[in-house]
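S.K.: Have a look at this one before I ask anything.
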Amino acid sequence: MESKSAPVFALPTLTRRRVDPDVPEDVDTDIQEALLHLNDPNWDFGPSDRSSLSGESFELDHKHKYASDVDIGPSIGTAPSDFDTESRVDSAYERTSDSRLHMRSTDTFEYEDESPYAEVRAAVSNTDDPTMPVNTFRMWFIGILFTVLISGLNQFFSMRYPSVFISGLVSQLIALPVGKAFERFLPTKRFNTLGYVWSLNPGPFNIKEHTVITVMSNVVAGGAYATDIIATQRVYFDQNWGFGYQIMLCLSSQLIGYAFAGLVRQFLVWPAAMLWPGALVNTAVFNTLHRNYGRVETKHMSRERFFVFALLASFIWFWFPGYIFTALSIFNWVCWIAPNNIVVNQLFGYSTGLGMGFLTFDWSMISYIASPLVVPWWAQVNTIVAFFIVFWILTPILYYNNVFFAKFLPMSASVAFDNTGLQYDPSLIIQNGTFSLEAYTAYSPAFIPVTLAMGYGISFASMTGVFVHTFLWYRHDIVRQFRRSLKEHRDVHSRLMSAYAEVPHYWYGALGLFAFILSVIVIEVFDTKLPVWGLVLALGVALIFLVPVGMIQAITNQTVALQVLAELIVGYALPGRPVAMMIFKTFSFISLTQAISFLGDLKLGHYMKIPPRTMFMAQCLATIISVFVVVAVQNWMFTNIPDLCSPTQADHFICPSTSVFATAALVWGGIGPSRMFNAGSLYHPLLYFFLIGAVLPIPFYFLARRYPLSSWRFVNVPVIFAGISMLPPATGINYSAWFTVGAIFQFFMRRFHFRWWMRYNYILSAALDAGVAIALIVIFFSLQLPKGGITLEWWGNTVSSNTLDAMGAPLTTLAPGETFGPSTW
């Protein structure tokens, strides 16, 4: 008799069902474990036997408008990445029984056809096709088009608050379908010009063309730093020295750093030891985009279609917070309930308060400091914790205890005030371009709001903090890599690049001489009060720091900015000359910044096998074009936008960065650091932030070393200081809403819906930016500019402006004729 088994009934389980990781189909399965650790600054990607990481495993990074010591987001290739850890470069970790981390050197390995560095092997191809066309019509056409659009739009948006920033990421994503469209529709006919055969369409749009286009967009996305000098002179010093002055100032300051970069290529670009992690990230992104482009999507929406839909949705939605219902942007509903309660408005206000809220429905407010969909989660946590401590706890304590006479000023503002509570008037103390002690004594000392004072303190701390952090975490790597850069043999990528003609040194020399002559003409022909020796000193500071700072960037991806150092030097060397101070700082700081950026792009070209001469011409041409574009846009705005840079400008073109720049000119170049920060002066305690910045990295370093697998490994002091350096002009809502959205996408979606996050996250960020940018342009030029503009007068557009927060009211209001502060100064 045949036995029958009893039927088996599946009972419902109350335990959580285990499922396979939610990983995209186009991600290699052997790197899934590494993908889980992308935001872990101490995770090792480098064991030699597991070095094959696909491009999808790398996070994108895009540059925002940080004028800080460390960029955490928004740039292609300049933000702190997931490689931020001690001995990450050329080392691999082994776990021992005591859970400590030890290095296993790769010195014993020899690579004939590969890089000796696991990070490079993971992201960069070790093959090249020298016949692949790069110097093509469509590359130059698309690159120049993106150069004009991105530089012009960013200049336009930079003078508005809130605004949006069009990063190189947008160009990187859009250039591929645009290039493919050119490939499809341009004629393939060949032309013969003086023996040179060329074609509008030489074949498939390739990864090298895409790289050069993105680099051209990248070098212009930040605009020209010197435009803030021009705006400050026009608004605060009533100086308009004409188009020639503006062009020469911007051209010379933007180009001279490129010449410096050419002097140190052999130290910072050619050696394999100079990794440039940001360039590795972008290399992986390019490979990913081209590997997946055109793939038939059967189970989900294609990336291209998703981008279009998200862009349309962003464009349509922005009409509400941007025009129809502007209270959705400044959604400080607590202040609407109590518009005349000063404490409520100072704590919860979004304009001049601390912004203690989390709600805004305006992407330009959310992404003002950086896109929350791009900045890594660990960096966002570092930033928000520091923000809570410094600006939502310490700042109100200082304010309500009247430290720095704070209660007579607004809680948050980016300008200085006099002892009557009115905005400081520089024209009363600056006579014939120089500081007048008699006029200053007769007028008033300068007082800065407590948030701006904390911002200065943070900038002091960041300068020392990044050096100490870099020394603690990377000292061995820097020494080792420097030694290797002097003697190591060329790796496979250097050998592949030998197929292309290198840029001669005299090209860089000619460029530097041209920029230097322009700069001398600027300071000598116009009444800048900056002597030639001052210009040489500024350039000397940049040149002295170029190799060590560039090496830190190349190995650790930590950026060291020298604004504060430059301001200190010129403040003591040339006191009482605000215009000279601004120009000195620009040539010192931006020359170094441009050189580092140029070197990073050269390394990207090195990895992508771009002919160096093509890369050089593309970067220089894009920079020159962008200078003319941004100067023209700025001049047009001053001519056609009423009350530009006024705090009460109707369309919010209040020039937030210019007001900060002008305050720095007043503090450092006008009144001078000796009166503001020397012993016995009101703001002398802020100098202790230099010490705080130097000390703060030390305990976190030893905690991370003692507990290497704990959360202490995520604490990054340079990122902390850089993250909160935008306050002011940013306010609390820009940080709280940014973190809220970041928690949704960089934590929840990335952790629980990784397939969606990997496929669409960065595309969504670019689409939101592009949609808002297009909507802003359409609204302004179609409704706000023509014939005085068309406004919608109703409660939803006026409620946010009828509060003490919008008026910038202080806690204590003085009676007419009454003053505060010290009796002598």
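Residue names in the structure tokens use chain letters A, B, ... in the order shown, residue numbers from 1 in each chain, and ligand numbers from 1 in the order shown.
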List as a list in words the protein and nucleic acid residues near region 550-555 of chain A, meaning an atom at most 9 Å away when only C-alpha atoms are counted, but skip any in the same chain fewer than 4 places from it.

M.R.: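 My list of contacting residues is Thr78, Arg88, Val89, Phe267, Leu268, Val269, Ala273, Met274, Leu275, Trp276, Pro277, Gly278, Thr470, Tyr474, Asp477, Ile478, Gln481, Phe482, Phe545, Leu546, Thr559, Val560, Leu592, Ala595, Ile596, Leu599 and Gly600 of chain A.
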
S.K.: Emit the selected residues as a CSV table (one decimal), in the first residue's frame, including N, CA, C and O atoms.

M.R.:
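Writing done, so here's part.csv:
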```csv
chain,number,residue,atom,x,y,z
A,78,THR,N,35.4,67.9,-6.6
A,78,THR,CA,36.0,68.7,-5.6
A,78,THR,C,35.5,68.4,-4.2
A,78,THR,O,36.0,68.9,-3.3
A,88,ARG,N,43.9,55.3,3.2
A,88,ARG,CA,43.0,54.8,2.1
A,88,ARG,C,43.8,54.7,0.8
A,88,ARG,O,43.6,53.8,0.0
A,89,VAL,N,44.8,55.5,0.6
A,89,VAL,CA,45.5,55.5,-0.6
A,89,VAL,C,46.6,54.4,-0.5
A,89,VAL,O,47.4,54.4,0.4
A,267,PHE,N,54.4,67.0,-10.6
A,267,PHE,CA,54.3,66.6,-9.3
A,267,PHE,C,52.9,66.1,-8.9
A,267,PHE,O,52.7,65.2,-8.1
A,268,LEU,N,51.9,66.7,-9.5
A,268,LEU,CA,50.5,66.5,-9.0
A,268,LEU,C,49.6,65.8,-10.0
A,268,LEU,O,48.5,65.5,-9.7
A,269,VAL,N,50.0,65.6,-11.3
A,269,VAL,CA,49.2,65.0,-12.3
A,269,VAL,C,49.8,63.7,-12.8
A,269,VAL,O,49.2,62.7,-12.8
A,273,ALA,N,50.8,58.1,-8.0
A,273,ALA,CA,50.5,58.2,-6.6
A,273,ALA,C,49.6,59.4,-6.3
A,273,ALA,O,48.9,59.4,-5.3
A,274,MET,N,49.4,60.3,-7.2
A,274,MET,CA,48.5,61.4,-7.1
A,274,MET,C,47.1,60.9,-7.7
A,274,MET,O,46.9,61.0,-8.9
A,275,LEU,N,46.3,60.4,-6.8
A,275,LEU,CA,45.1,59.7,-7.2
A,275,LEU,C,44.0,60.6,-7.7
A,275,LEU,O,43.2,60.3,-8.6
A,276,TRP,N,43.7,61.7,-7.0
A,276,TRP,CA,42.6,62.6,-7.2
A,276,TRP,C,41.3,61.8,-7.2
A,276,TRP,O,40.7,61.5,-8.2
A,277,PRO,N,40.8,61.5,-6.0
A,277,PRO,CA,39.6,60.6,-5.9
A,277,PRO,C,38.4,61.2,-6.6
A,277,PRO,O,37.6,60.5,-7.1
A,278,GLY,N,38.3,62.6,-6.6
A,278,GLY,CA,37.1,63.2,-7.3
A,278,GLY,C,37.2,62.8,-8.8
A,278,GLY,O,36.1,62.6,-9.4
A,470,THR,N,44.2,66.7,8.3
A,470,THR,CA,45.0,66.1,7.3
A,470,THR,C,46.3,65.5,7.8
A,470,THR,O,46.7,64.4,7.4
A,474,TYR,N,46.4,61.6,7.3
A,474,TYR,CA,47.1,61.4,6.0
A,474,TYR,C,48.6,61.6,6.0
A,474,TYR,O,49.2,61.6,4.9
A,477,ASP,N,50.5,58.8,4.4
A,477,ASP,CA,50.2,58.7,3.0
A,477,ASP,C,50.8,59.8,2.2
A,477,ASP,O,51.4,59.5,1.1
A,478,ILE,N,50.8,61.0,2.7
A,478,ILE,CA,51.3,62.1,2.0
A,478,ILE,C,52.9,62.0,1.8
A,478,ILE,O,53.4,62.2,0.7
A,481,GLN,N,53.4,59.0,-0.7
A,481,GLN,CA,53.1,59.3,-2.0
A,481,GLN,C,54.0,60.3,-2.6
A,481,GLN,O,54.3,60.3,-3.8
A,482,PHE,N,54.5,61.3,-1.8
A,482,PHE,CA,55.4,62.3,-2.3
A,482,PHE,C,56.7,61.6,-2.8
A,482,PHE,O,57.3,61.9,-3.8
A,545,PHE,N,51.7,77.8,-1.6
A,545,PHE,CA,50.8,76.8,-1.1
A,545,PHE,C,50.3,75.8,-2.1
A,545,PHE,O,49.7,74.8,-1.8
A,546,LEU,N,50.7,76.0,-3.4
A,546,LEU,CA,50.1,75.2,-4.5
A,546,LEU,C,50.5,73.7,-4.4
A,546,LEU,O,49.6,72.8,-4.4
A,559,THR,N,40.0,69.9,0.6
A,559,THR,CA,40.4,71.2,-0.1
A,559,THR,C,40.7,72.2,1.0
A,559,THR,O,40.0,72.4,2.0
A,560,VAL,N,41.8,72.9,0.8
A,560,VAL,CA,42.3,73.9,1.8
A,560,VAL,C,42.1,75.3,1.1
A,560,VAL,O,42.8,75.5,0.1
A,592,LEU,N,44.9,80.1,-6.5
A,592,LEU,CA,45.2,78.7,-6.0
A,592,LEU,C,44.0,77.8,-6.3
A,592,LEU,O,44.2,76.7,-6.8
A,595,ALA,N,44.0,76.9,-10.0
A,595,ALA,CA,45.1,75.9,-10.3
A,595,ALA,C,44.7,74.5,-9.8
A,595,ALA,O,45.0,73.6,-10.6
A,596,ILE,N,44.2,74.4,-8.6
A,596,ILE,CA,43.8,73.1,-8.1
A,596,ILE,C,42.7,72.5,-9.0
A,596,ILE,O,42.7,71.3,-9.4
A,599,LEU,N,44.2,71.3,-12.3
A,599,LEU,CA,45.0,70.1,-12.1
A,599,LEU,C,44.1,68.9,-12.0
A,599,LEU,O,44.3,67.8,-12.5
A,600,GLY,N,43.0,69.0,-11.2
A,600,GLY,CA,42.0,68.0,-11.1
A,600,GLY,C,41.4,67.6,-12.4
A,600,GLY,O,41.2,66.4,-12.7
```

S.K.: My list of candidates is A:Val778, A:Ile733, A:Leu804, A:Cys655. Which is closest to Ile342 (chain A) when distances are computed with only C-alpha atoms?

M.R.: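 Ranked by minimum distance to Ile342 (chain A), first place goes to A:Leu804.
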
S.K.: Running DSSP on the backbone, which parts of region 155-221 of chain A land in alpha helix (DSSP H), as a ChimeraX atom specification?

M.R.: /A:155-158,168-185,207-221

S.K.: What is the distance between CA of Ile523 (chain A) and CA of Val629 (chain A), in Å to one decimal?

M.R.: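 CA of Val629 (chain A) lies 22.6 Å from CA of Ile523 (chain A).
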
S.K.: State, in Å with one decimal place, the distance from CA of Gln619 (chain A) to CA of Met216 (chain A).

M.R.: 5.7 Å

S.K.: Looking at only C-alpha atoms, which of A:Phe260, A:Trp668, A:Tyr245, A:Tyr688 is the one that sits closest to Leu539 (chain A)?

M.R.: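 Result for the nearest residue to Leu539 (chain A): A:Phe260.
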
S.K.: Pick out the residues sitting within 12 Å of Pro445 (chain A), and hand them over as a PyMOL selection string; count only C-alpha atoms, and ignore anything fewer than 6 positions along from it in its own chain.

M.R.: chain A and resi 404-405+416-426+428-429+437+439+666-667+670-672+675-676+681-683+819-825

S.K.: Quick one: write out the picked residues with N, CA, C and O atoms as a tab-separated table (two decimals), in the first residue's frame?

M.R.:
```tsv
chain	number	residue	atom	x	y	z
A	404	PHE	N	28.48	90.58	22.21
A	404	PHE	CA	28.79	91.41	21.03
A	404	PHE	C	27.67	92.44	20.76
A	404	PHE	O	27.49	92.86	19.61
A	405	PHE	N	26.94	92.85	21.80
A	405	PHE	CA	25.81	93.78	21.64
A	405	PHE	C	24.80	93.24	20.61
A	405	PHE	O	24.21	94.00	19.83
A	416	ALA	N	27.04	94.48	7.99
A	416	ALA	CA	27.44	95.11	9.25
A	416	ALA	C	26.49	96.27	9.57
A	416	ALA	O	25.83	96.82	8.69
A	417	PHE	N	26.45	96.65	10.85
A	417	PHE	CA	25.57	97.71	11.32
A	417	PHE	C	26.37	98.74	12.12
A	417	PHE	O	27.45	98.44	12.64
A	418	ASP	N	25.80	99.96	12.22
A	418	ASP	CA	26.43	100.98	13.05
A	418	ASP	C	25.78	100.99	14.42
A	418	ASP	O	24.92	100.16	14.74
A	419	ASN	N	26.18	101.95	15.27
A	419	ASN	CA	25.70	101.95	16.66
A	419	ASN	C	24.30	102.53	16.82
A	419	ASN	O	23.83	102.69	17.94
A	420	THR	N	23.63	102.82	15.73
A	420	THR	CA	22.21	103.20	15.81
A	420	THR	C	21.31	102.05	15.36
A	420	THR	O	20.08	102.19	15.34
A	421	GLY	N	21.91	100.93	14.96
A	421	GLY	CA	21.13	99.80	14.49
A	421	GLY	C	20.84	99.82	13.01
A	421	GLY	O	20.14	98.93	12.50
A	422	LEU	N	21.37	100.81	12.28
A	422	LEU	CA	21.18	100.89	10.84
A	422	LEU	C	22.35	100.20	10.13
A	422	LEU	O	23.43	100.02	10.71
A	423	GLN	N	22.13	99.85	8.88
A	423	GLN	CA	23.19	99.22	8.11
A	423	GLN	C	24.37	100.17	7.97
A	423	GLN	O	24.21	101.36	7.71
A	424	TYR	N	25.58	99.61	8.16
A	424	TYR	CA	26.79	100.42	8.14
A	424	TYR	C	27.00	101.03	6.76
A	424	TYR	O	26.86	100.37	5.74
A	425	ASP	N	27.36	102.29	6.74
A	425	ASP	CA	27.57	103.02	5.49
A	425	ASP	C	29.07	103.18	5.26
A	425	ASP	O	29.71	104.06	5.85
A	426	PRO	N	29.68	102.36	4.40
A	426	PRO	CA	31.12	102.44	4.19
A	426	PRO	C	31.57	103.78	3.62
A	426	PRO	O	32.72	104.20	3.84
A	428	LEU	N	30.97	106.62	4.53
A	428	LEU	CA	31.26	107.63	5.55
A	428	LEU	C	32.65	107.50	6.14
A	428	LEU	O	33.14	108.43	6.77
A	429	ILE	N	33.30	106.35	5.96
A	429	ILE	CA	34.64	106.17	6.52
A	429	ILE	C	35.69	105.91	5.44
A	429	ILE	O	36.89	105.92	5.73
A	437	LEU	N	40.54	107.55	9.65
A	437	LEU	CA	40.38	107.34	11.09
A	437	LEU	C	39.49	108.41	11.70
A	437	LEU	O	38.67	108.11	12.58
A	439	ALA	N	37.04	110.13	10.30
A	439	ALA	CA	35.64	109.87	9.94
A	439	ALA	C	35.10	108.66	10.70
A	439	ALA	O	33.94	108.65	11.14
A	666	LEU	N	34.80	95.56	4.22
A	666	LEU	CA	34.73	96.58	5.27
A	666	LEU	C	35.53	96.17	6.50
A	666	LEU	O	36.31	96.95	7.04
A	667	VAL	N	35.33	94.91	6.92
A	667	VAL	CA	35.97	94.44	8.16
A	667	VAL	C	37.47	94.30	7.99
A	667	VAL	O	38.25	94.76	8.83
A	670	GLY	N	38.73	97.75	5.20
A	670	GLY	CA	38.42	99.12	5.59
A	670	GLY	C	38.84	99.40	7.02
A	670	GLY	O	39.88	100.02	7.28
A	671	ILE	N	38.04	98.93	7.96
A	671	ILE	CA	38.36	99.13	9.38
A	671	ILE	C	39.63	98.39	9.76
A	671	ILE	O	40.45	98.88	10.54
A	672	GLY	N	39.80	97.18	9.25
A	672	GLY	CA	41.04	96.43	9.44
A	672	GLY	C	40.96	95.43	10.58
A	672	GLY	O	40.24	95.64	11.57
A	675	ARG	N	41.69	96.54	14.40
A	675	ARG	CA	40.62	97.18	15.18
A	675	ARG	C	39.48	96.21	15.49
A	675	ARG	O	38.76	96.41	16.46
A	676	MET	N	39.32	95.20	14.67
A	676	MET	CA	38.22	94.27	14.86
A	676	MET	C	38.58	93.09	15.76
A	676	MET	O	37.74	92.62	16.53
A	681	SER	N	39.69	94.34	21.56
A	681	SER	CA	38.61	94.70	20.64
A	681	SER	C	37.40	93.81	20.88
A	681	SER	O	37.48	92.76	21.53
A	682	LEU	N	36.28	94.23	20.34
A	682	LEU	CA	35.00	93.56	20.63
A	682	LEU	C	35.00	92.11	20.17
A	682	LEU	O	34.50	91.23	20.88
A	683	TYR	N	35.56	91.85	19.01
A	683	TYR	CA	35.47	90.50	18.43
A	683	TYR	C	36.75	89.69	18.60
A	683	TYR	O	36.93	88.67	17.92
A	819	THR	N	22.06	105.45	20.88
A	819	THR	CA	23.09	104.57	20.35
A	819	THR	C	23.39	103.47	21.36
A	819	THR	O	22.98	103.55	22.52
A	820	PHE	N	24.13	102.48	20.91
A	820	PHE	CA	24.57	101.40	21.79
A	820	PHE	C	26.05	101.16	21.53
A	820	PHE	O	26.64	101.71	20.61
A	821	GLY	N	26.63	100.29	22.34
A	821	GLY	CA	28.02	99.94	22.15
A	821	GLY	C	28.97	100.74	23.02
A	821	GLY	O	28.54	101.52	23.90
A	822	PRO	N	30.27	100.59	22.78
A	822	PRO	CA	31.26	101.29	23.61
A	822	PRO	C	31.21	102.79	23.36
A	822	PRO	O	30.80	103.27	22.31
A	823	SER	N	31.68	103.53	24.36
A	823	SER	CA	31.67	104.99	24.26
A	823	SER	C	32.85	105.50	23.44
A	823	SER	O	32.80	106.60	22.87
A	824	THR	N	33.91	104.73	23.37
A	824	THR	CA	35.08	105.12	22.56
A	824	THR	C	35.50	103.93	21.71
A	824	THR	O	35.30	102.77	22.10
A	825	TRP	N	36.10	104.24	20.56
A	825	TRP	CA	36.55	103.16	19.68
A	825	TRP	C	37.70	103.64	18.81
A	825	TRP	O	37.97	104.79	18.69
```

S.K.: When you draw a straight line from CA of Phe156 (chain A) to CA of Gln634 (chain A), how long is it in Å?

M.R.: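 These two atoms are separated by 7.2 Å.
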